[in-house]
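Next up, coords.cif (mmCIF, C-alpha atoms and all ligand atoms):
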```cif
data_coords
#
loop_
_atom_site.label_atom_id
_atom_site.label_comp_id
_atom_site.auth_asym_id
_atom_site.auth_seq_id
_atom_site.Cartn_x
_atom_site.Cartn_y
_atom_site.Cartn_z
CA MET A 1 -48.92 49.22 64.75
CA LEU A 2 -50.51 45.79 64.62
CA SER A 3 -50.09 43.28 67.44
CA LEU A 4 -51.35 39.73 67.29
CA ILE A 5 -51.17 36.60 69.40
CA TYR A 6 -52.07 33.07 68.32
CA VAL A 7 -51.67 29.54 69.64
CA SER A 8 -51.07 26.47 67.50
CA VAL A 9 -50.36 22.78 67.84
CA ALA A 10 -46.81 21.67 67.04
CA SER A 11 -46.42 18.88 64.48
CA ALA A 12 -45.39 15.45 65.71
CA GLY A 13 -41.65 14.90 65.80
CA LEU A 14 -40.68 18.55 66.23
CA THR A 15 -37.84 18.91 68.75
CA ALA A 16 -36.75 21.80 70.98
CA ALA A 17 -33.63 22.09 68.76
CA ASP A 18 -35.86 22.47 65.66
CA VAL A 19 -37.71 25.28 67.42
CA THR A 20 -34.46 27.06 68.28
CA THR A 21 -33.38 26.92 64.61
CA LEU A 22 -36.82 28.05 63.44
CA ALA A 23 -36.79 31.00 65.86
CA GLU A 24 -33.29 32.10 64.81
CA ARG A 25 -34.40 32.21 61.18
CA ALA A 26 -37.63 33.96 62.16
CA ALA A 27 -35.67 36.57 64.12
CA ALA A 28 -33.45 37.32 61.12
CA ASN A 29 -36.50 37.66 58.81
CA ASN A 30 -38.45 39.78 61.29
CA ALA A 31 -35.53 42.15 61.89
CA LYS A 32 -35.53 43.02 58.16
CA HIS A 33 -39.15 44.19 58.49
CA ASP A 34 -38.88 45.75 61.94
CA VAL A 35 -41.24 43.09 63.31
CA THR A 36 -40.76 42.08 66.96
CA GLY A 37 -42.28 39.54 69.33
CA MET A 38 -41.84 36.29 71.17
CA LEU A 39 -42.50 32.59 70.66
CA ALA A 40 -43.21 30.18 73.52
CA TYR A 41 -43.13 26.43 72.92
CA ASN A 42 -44.18 23.85 75.51
CA SER A 43 -43.28 20.71 73.51
CA GLN A 44 -46.89 20.41 72.36
CA SER A 45 -48.10 23.90 71.44
CA PHE A 46 -46.86 27.32 70.39
CA MET A 47 -47.94 30.76 71.56
CA GLN A 48 -46.56 33.62 69.50
CA LEU A 49 -46.79 37.40 69.72
CA LEU A 50 -45.98 39.37 66.54
CA GLU A 51 -46.01 43.16 66.36
CA GLY A 52 -45.05 45.78 63.80
CA ASP A 53 -46.32 47.45 60.67
CA GLY A 54 -49.67 45.82 59.81
CA ALA A 55 -48.77 44.80 56.25
CA HIS A 56 -45.50 43.19 57.38
CA VAL A 57 -47.04 41.35 60.32
CA LEU A 58 -49.85 39.99 58.14
CA SER A 59 -47.53 38.88 55.34
CA ILE A 60 -45.31 37.01 57.86
CA MET A 61 -48.43 35.55 59.42
CA ARG A 62 -49.66 34.27 56.02
CA ARG A 63 -46.34 32.37 55.69
CA ILE A 64 -46.59 31.03 59.24
CA GLU A 65 -50.13 29.80 58.48
CA GLN A 66 -48.76 27.68 55.60
CA ASP A 67 -45.98 26.13 57.71
CA ASP A 68 -46.48 22.41 58.26
CA ARG A 69 -44.40 22.41 61.45
CA HIS A 70 -47.64 23.32 63.20
CA GLY A 71 -51.41 23.43 62.67
CA SER A 72 -54.78 24.32 64.25
CA ILE A 73 -53.85 28.00 64.51
CA THR A 74 -56.21 29.90 66.83
CA TYR A 75 -56.03 33.67 67.04
CA ILE A 76 -56.30 34.90 70.60
CA ARG A 77 -55.87 38.63 70.16
CA GLN A 78 -55.34 41.10 67.33
CA HIS A 79 -55.34 44.85 67.85
CA ASP A 80 -53.71 48.17 66.96
CA ARG A 81 -51.48 49.64 69.59
CA GLU A 82 -49.17 52.61 70.09
CA HIS A 83 -46.20 50.87 71.66
CA ARG A 84 -44.45 47.56 71.23
CA GLU A 85 -44.51 45.02 74.02
CA CYS A 86 -41.24 43.35 72.95
CA PRO A 87 -39.28 46.31 71.56
CA ASP A 88 -35.90 44.55 71.85
CA TRP A 89 -36.78 41.05 70.60
CA SER A 90 -37.02 40.36 66.85
CA MET A 91 -38.23 36.88 67.89
CA ARG A 92 -37.22 35.52 71.27
CA SER A 93 -38.05 31.86 71.75
CA LEU A 94 -38.79 30.48 75.19
CA VAL A 95 -39.04 26.77 75.77
CA THR A 96 -41.42 25.85 78.55
CA PRO A 97 -43.08 24.58 80.74
CA MET A 98 -41.36 25.75 83.82
CA THR A 99 -42.11 23.71 86.88
CA GLY A 100 -41.22 24.00 90.54
CA ILE A 101 -42.08 26.47 93.23
CA GLY A 102 -41.65 30.09 92.16
CA SER A 103 -40.90 29.29 88.50
CA ALA A 104 -43.94 31.18 87.18
CA ASN A 105 -42.65 34.22 89.03
CA VAL A 106 -39.18 33.87 87.49
CA PHE A 107 -40.74 33.45 84.02
CA THR A 108 -42.92 36.55 84.41
CA LYS A 109 -39.90 38.59 85.51
CA SER A 110 -38.00 37.50 82.37
CA LEU A 111 -40.68 39.09 80.16
CA PRO A 112 -40.09 42.61 78.79
CA GLU A 113 -40.91 45.52 81.06
CA ALA A 114 -42.97 47.11 78.28
CA MET A 115 -45.32 44.11 78.20
CA ASP A 116 -48.89 44.64 79.38
CA LEU A 117 -49.97 42.71 82.45
CA ASP A 118 -52.65 40.78 80.55
CA THR A 119 -50.07 39.64 77.98
CA LYS A 120 -47.70 38.59 80.76
CA ILE A 121 -50.52 36.57 82.32
CA LEU A 122 -51.35 34.94 78.97
CA PHE A 123 -47.77 33.82 78.37
CA THR A 124 -47.16 32.80 81.97
CA SER A 125 -50.25 30.59 82.04
CA PHE A 126 -49.23 29.07 78.69
CA ALA A 127 -45.71 28.51 80.02
CA SER A 128 -47.04 26.80 83.13
CA THR A 129 -49.29 24.40 81.22
CA LEU A 130 -48.14 20.82 81.32
CA THR A 131 -48.67 18.44 78.42
CA GLU A 132 -50.87 15.44 79.20
CA GLU A 133 -47.78 13.26 79.40
CA GLN A 134 -46.04 15.60 81.83
CA ALA A 135 -49.19 15.90 83.93
CA ALA A 136 -49.36 12.09 84.13
CA GLN A 137 -45.69 11.94 85.21
CA TYR A 138 -46.30 14.50 87.95
CA ALA A 139 -49.41 12.71 89.13
CA GLU A 140 -47.43 9.47 89.33
CA ARG A 141 -44.60 11.15 91.25
CA GLU A 142 -47.08 12.74 93.65
CA GLN A 143 -48.79 9.40 94.16
CA SER A 144 -45.50 7.70 95.04
CA THR A 145 -44.59 10.58 97.41
CA MET A 146 -47.93 10.05 99.12
CA TRP A 147 -47.14 6.36 99.51
CA ASP A 148 -43.68 7.23 100.91
CA LEU A 149 -45.27 9.60 103.44
CA LYS A 150 -47.82 6.97 104.37
CA ALA A 151 -45.04 4.38 104.84
CA ASP A 152 -43.13 6.85 107.07
CA ASN A 153 -46.22 7.32 109.22
CA ASP A 154 -46.93 3.62 109.57
C1 LIG A 201 -44.54 28.42 65.20
C2 LIG A 201 -43.85 29.11 64.07
C3 LIG A 201 -43.49 30.46 64.18
C4 LIG A 201 -42.85 31.12 63.16
N1 LIG A 201 -42.53 32.43 63.29
C5 LIG A 201 -41.95 33.09 62.27
C6 LIG A 201 -41.66 34.48 62.37
O1 LIG A 201 -41.90 35.13 63.38
N2 LIG A 201 -41.07 35.07 61.30
C7 LIG A 201 -40.76 34.40 60.17
O2 LIG A 201 -40.24 35.01 59.24
N3 LIG A 201 -41.02 33.10 60.05
C8 LIG A 201 -41.60 32.43 61.06
N4 LIG A 201 -41.87 31.09 60.94
C9 LIG A 201 -41.39 30.37 59.75
C10 LIG A 201 -42.27 30.63 58.54
O3 LIG A 201 -43.38 29.79 58.60
C11 LIG A 201 -41.46 30.37 57.25
O4 LIG A 201 -40.90 29.07 57.30
C12 LIG A 201 -40.32 31.34 57.09
O5 LIG A 201 -40.77 32.65 57.24
C13 LIG A 201 -39.68 31.18 55.70
O6 LIG A 201 -38.55 31.99 55.70
P1 LIG A 201 -37.26 31.56 54.86
O7 LIG A 201 -37.72 31.61 53.43
O8 LIG A 201 -36.22 32.58 55.20
O9 LIG A 201 -36.90 30.18 55.35
C14 LIG A 201 -42.53 30.40 61.97
C15 LIG A 201 -42.89 29.06 61.85
C16 LIG A 201 -43.55 28.41 62.87
C17 LIG A 201 -43.92 26.97 62.74
#
```
What would the structure in this file look like if it were written as structure tokens?
Ligand SMILES: Cc1cc2nc3c(=O)[nH]c(=O)nc-3n(C[C@H](O)[C@H](O)[C@H](O)COP(=O)(O)O)c2cc1C
Amino acid sequence: MLSLIYVSVASAGLTAADVTTLAERAAANNAKHDVTGMLAYNSQSFMQLLEGDGAHVLSIMRRIEQDDRHGSITYIRQHDREHRECPDWSMRSLVTPMTGIGSANVFTKSLPEAMDLDTKILFTSFASTLTEEQAAQYAEREQSTMWDLKADND
């Protein structure tokens, strides 16, 4: 069985709703070929795991490579394995990032039990990555909290 993981950059203008529709269609296609996996989307990038019969996974991947809803595909891992990591998901989509204390833990726990620890770490770190815009918003919020604290102390 072939298992592969890639990351890619989402095209401008793609919305979370578009990704949900895309993933529903992907799940229906994948189920026909007994391909399973998951797709994480953080409003800027995708990380996808696909697993199944090698010929099927590669033919789906060739189609995904041509899709103009994303670009700059980078393969992170590709290997043969005995068991599936997402045996029950024909293509589960997860919209991230998660923020807040403990959210990475909650995300990791929502991943399939059969998933290897290194794969869980890969997806959890992807899911915790903020876009530049989000990072700037957090930095701004933190800055104003610091000013509030300073004002309280004065
Ligand atoms: C990030 C991303 C992930 C995708 N994942 C899958 C997938 O797992 N399976 C699939 O069949 N199509 C997937 N697609 C869609 C394919 O590129 C292609 O549009 C689709 O397979 C065509 O199927 P259709 O003829 O039924 O519309 C994905 C597209 C993108 C942008």
Wanna dump the chain A-ligand LIG 201 (chain A) contacts at 7 Å for me, each residue with its shortest atom pair and the distance in Å to one decimal, counting all atoms listed in the file, ordered by chain and number, as CSV?
```
residue,atom,partner,partner_atom,distance
A:Leu22,CA,A:LIG201,C9,6.3
A:Ala23,CA,A:LIG201,N1,6.4
A:Arg25,CA,A:LIG201,O8,6.3
A:Ala26,CA,A:LIG201,N2,3.7
A:Ala27,CA,A:LIG201,N2,6.3
A:Asn29,CA,A:LIG201,O2,4.6
A:Asn30,CA,A:LIG201,N2,5.4
A:Leu39,CA,A:LIG201,C3,6.9
A:Phe46,CA,A:LIG201,C1,5.8
A:Gln48,CA,A:LIG201,C3,6.9
A:Leu50,CA,A:LIG201,O1,6.7
A:Ile60,CA,A:LIG201,O2,5.6
A:Arg63,CA,A:LIG201,O3,4.9
A:Ile64,CA,A:LIG201,O3,3.5
A:Glu65,CA,A:LIG201,O3,6.8
A:Gln66,CA,A:LIG201,O3,6.5
A:Asp67,CA,A:LIG201,O3,4.6
A:Asp68,CA,A:LIG201,C17,6.9
A:Arg69,CA,A:LIG201,C17,4.8
A:His70,CA,A:LIG201,C17,5.2
A:Met91,CA,A:LIG201,O1,6.1
```
Quiz item: Residues at most 10 Å from A:Leu111, counting all atoms listed in the file, excluding those fewer than 5 positions away in the same chain, as a list in words?
Solution: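 The residues that qualify are Met38, Glu85, Cys86, Val106, Asp116, Thr119, Lys120, Phe123 and Thr124 of chain A.
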Quiz prompt | Residue neighbourhood A:Thr74, 8 Å, only C-alpha atoms, exclusion window fewer than 3 positions, as a PyMOL selection string | solution = chain A and resi 6-8
If you keep C-alpha atoms, can you produce a file of those selected residues as a PDB file, in the frame of the given file?
```pdb
ATOM      1  CA  TYR A   6     -52.070  33.070  68.320  1.00  0.00           C
ATOM      2  CA  VAL A   7     -51.670  29.540  69.640  1.00  0.00           C
ATOM      3  CA  SER A   8     -51.070  26.470  67.500  1.00  0.00           C
TER       4      SER A   8
END
```
Quiz item: In Å, with one decimal, what is the gap from atom CA of A:Asn42 to atom CA of A:Val19?
Solution: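 According to the coordinates, atom CA of A:Asn42 and atom CA of A:Val19 are separated by 10.5 Å.
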Quiz item: Nearest to A:Ala104: which of A:Ala127, A:Asp80, A:Ala10, A:Ile5 is it, counting only C-alpha atoms?
Solution: A:Ala127
Self-check item: Selected residue, from A:Thr20, A:Ser110, A:Asn153, A:Ser11, that lies nearest to A:Gln44 when counting all atoms listed in the file
Solution: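 Checking each of A:Thr20, A:Ser110, A:Asn153, A:Ser11 against A:Gln44, counting all atoms listed in the file, the winner is A:Ser11.
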Quiz prompt | Point-to-point distance from atom CA of A:Leu2 to atom CA of A:His79, Å rounded to tenths | solution =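 Taking atom CA of A:Leu2 as the start and atom CA of A:His79 as the end point, the length is 5.9 Å.
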Quiz item: Around (-43.0, 46.3, 71.5) in the file's own coordinates, what residues are found within 9 Å if you use all atoms listed in the file, given back as a PyMOL selection string?
Solution: chain A and resi 3+35-37+51-52+82-89+112+114-115
Quiz prompt | One-decimal distance in Å that lies between atom CA of A:Leu4 and atom CA of A:Leu58 | solution = 9.3 Å
Mind filling out stretch 14-35 of chain A with N, CA and C atoms and sending it as a short mmCIF file (atom, residue, chain, number, x, y, z; two decimals), keeping the file's coordinate frame?
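So rebuild_9.cif came out as:
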```
data_model
loop_
_atom_site.label_atom_id
_atom_site.label_comp_id
_atom_site.auth_asym_id
_atom_site.auth_seq_id
_atom_site.Cartn_x
_atom_site.Cartn_y
_atom_site.Cartn_z
N LEU A 14 -41.43 17.30 66.11
CA LEU A 14 -40.68 18.55 66.23
C LEU A 14 -39.91 18.54 67.56
N THR A 15 -38.63 18.92 67.52
CA THR A 15 -37.84 18.91 68.75
C THR A 15 -37.56 20.35 69.21
N ALA A 16 -37.09 20.47 70.45
CA ALA A 16 -36.75 21.80 70.98
C ALA A 16 -35.65 22.42 70.11
N ALA A 17 -34.72 21.58 69.61
CA ALA A 17 -33.63 22.09 68.76
C ALA A 17 -34.20 22.65 67.45
N ASP A 18 -35.22 21.96 66.89
CA ASP A 18 -35.86 22.47 65.66
C ASP A 18 -36.46 23.85 65.91
N VAL A 19 -37.05 24.01 67.09
CA VAL A 19 -37.71 25.28 67.42
C VAL A 19 -36.67 26.39 67.56
N THR A 20 -35.52 26.06 68.14
CA THR A 20 -34.46 27.06 68.28
C THR A 20 -34.00 27.53 66.90
N THR A 21 -33.81 26.57 65.97
CA THR A 21 -33.38 26.92 64.61
C THR A 21 -34.44 27.77 63.92
N LEU A 22 -35.70 27.33 64.05
CA LEU A 22 -36.82 28.05 63.44
C LEU A 22 -36.86 29.50 63.95
N ALA A 23 -36.68 29.67 65.26
CA ALA A 23 -36.79 31.00 65.86
C ALA A 23 -35.62 31.90 65.44
N GLU A 24 -34.45 31.29 65.25
CA GLU A 24 -33.29 32.10 64.81
C GLU A 24 -33.54 32.66 63.41
N ARG A 25 -34.08 31.81 62.55
CA ARG A 25 -34.40 32.21 61.18
C ARG A 25 -35.51 33.26 61.19
N ALA A 26 -36.51 33.02 62.03
CA ALA A 26 -37.63 33.96 62.16
C ALA A 26 -37.11 35.32 62.62
N ALA A 27 -36.20 35.31 63.59
CA ALA A 27 -35.67 36.57 64.12
C ALA A 27 -34.96 37.35 63.02
N ALA A 28 -34.18 36.64 62.20
CA ALA A 28 -33.45 37.32 61.12
C ALA A 28 -34.43 37.93 60.11
N ASN A 29 -35.48 37.16 59.75
CA ASN A 29 -36.50 37.66 58.81
C ASN A 29 -37.23 38.86 59.40
N ASN A 30 -37.64 38.73 60.65
CA ASN A 30 -38.45 39.78 61.29
C ASN A 30 -37.66 41.08 61.40
N ALA A 31 -36.36 40.95 61.71
CA ALA A 31 -35.53 42.15 61.89
C ALA A 31 -35.51 42.98 60.60
N LYS A 32 -35.55 42.31 59.46
CA LYS A 32 -35.53 43.02 58.16
C LYS A 32 -36.77 43.89 57.99
N HIS A 33 -37.88 43.47 58.66
CA HIS A 33 -39.15 44.19 58.49
C HIS A 33 -39.56 44.92 59.75
N ASP A 34 -38.61 45.06 60.69
CA ASP A 34 -38.88 45.75 61.94
C ASP A 34 -40.08 45.14 62.68
N VAL A 35 -40.19 43.81 62.58
CA VAL A 35 -41.24 43.09 63.31
C VAL A 35 -40.60 42.50 64.56
#
```
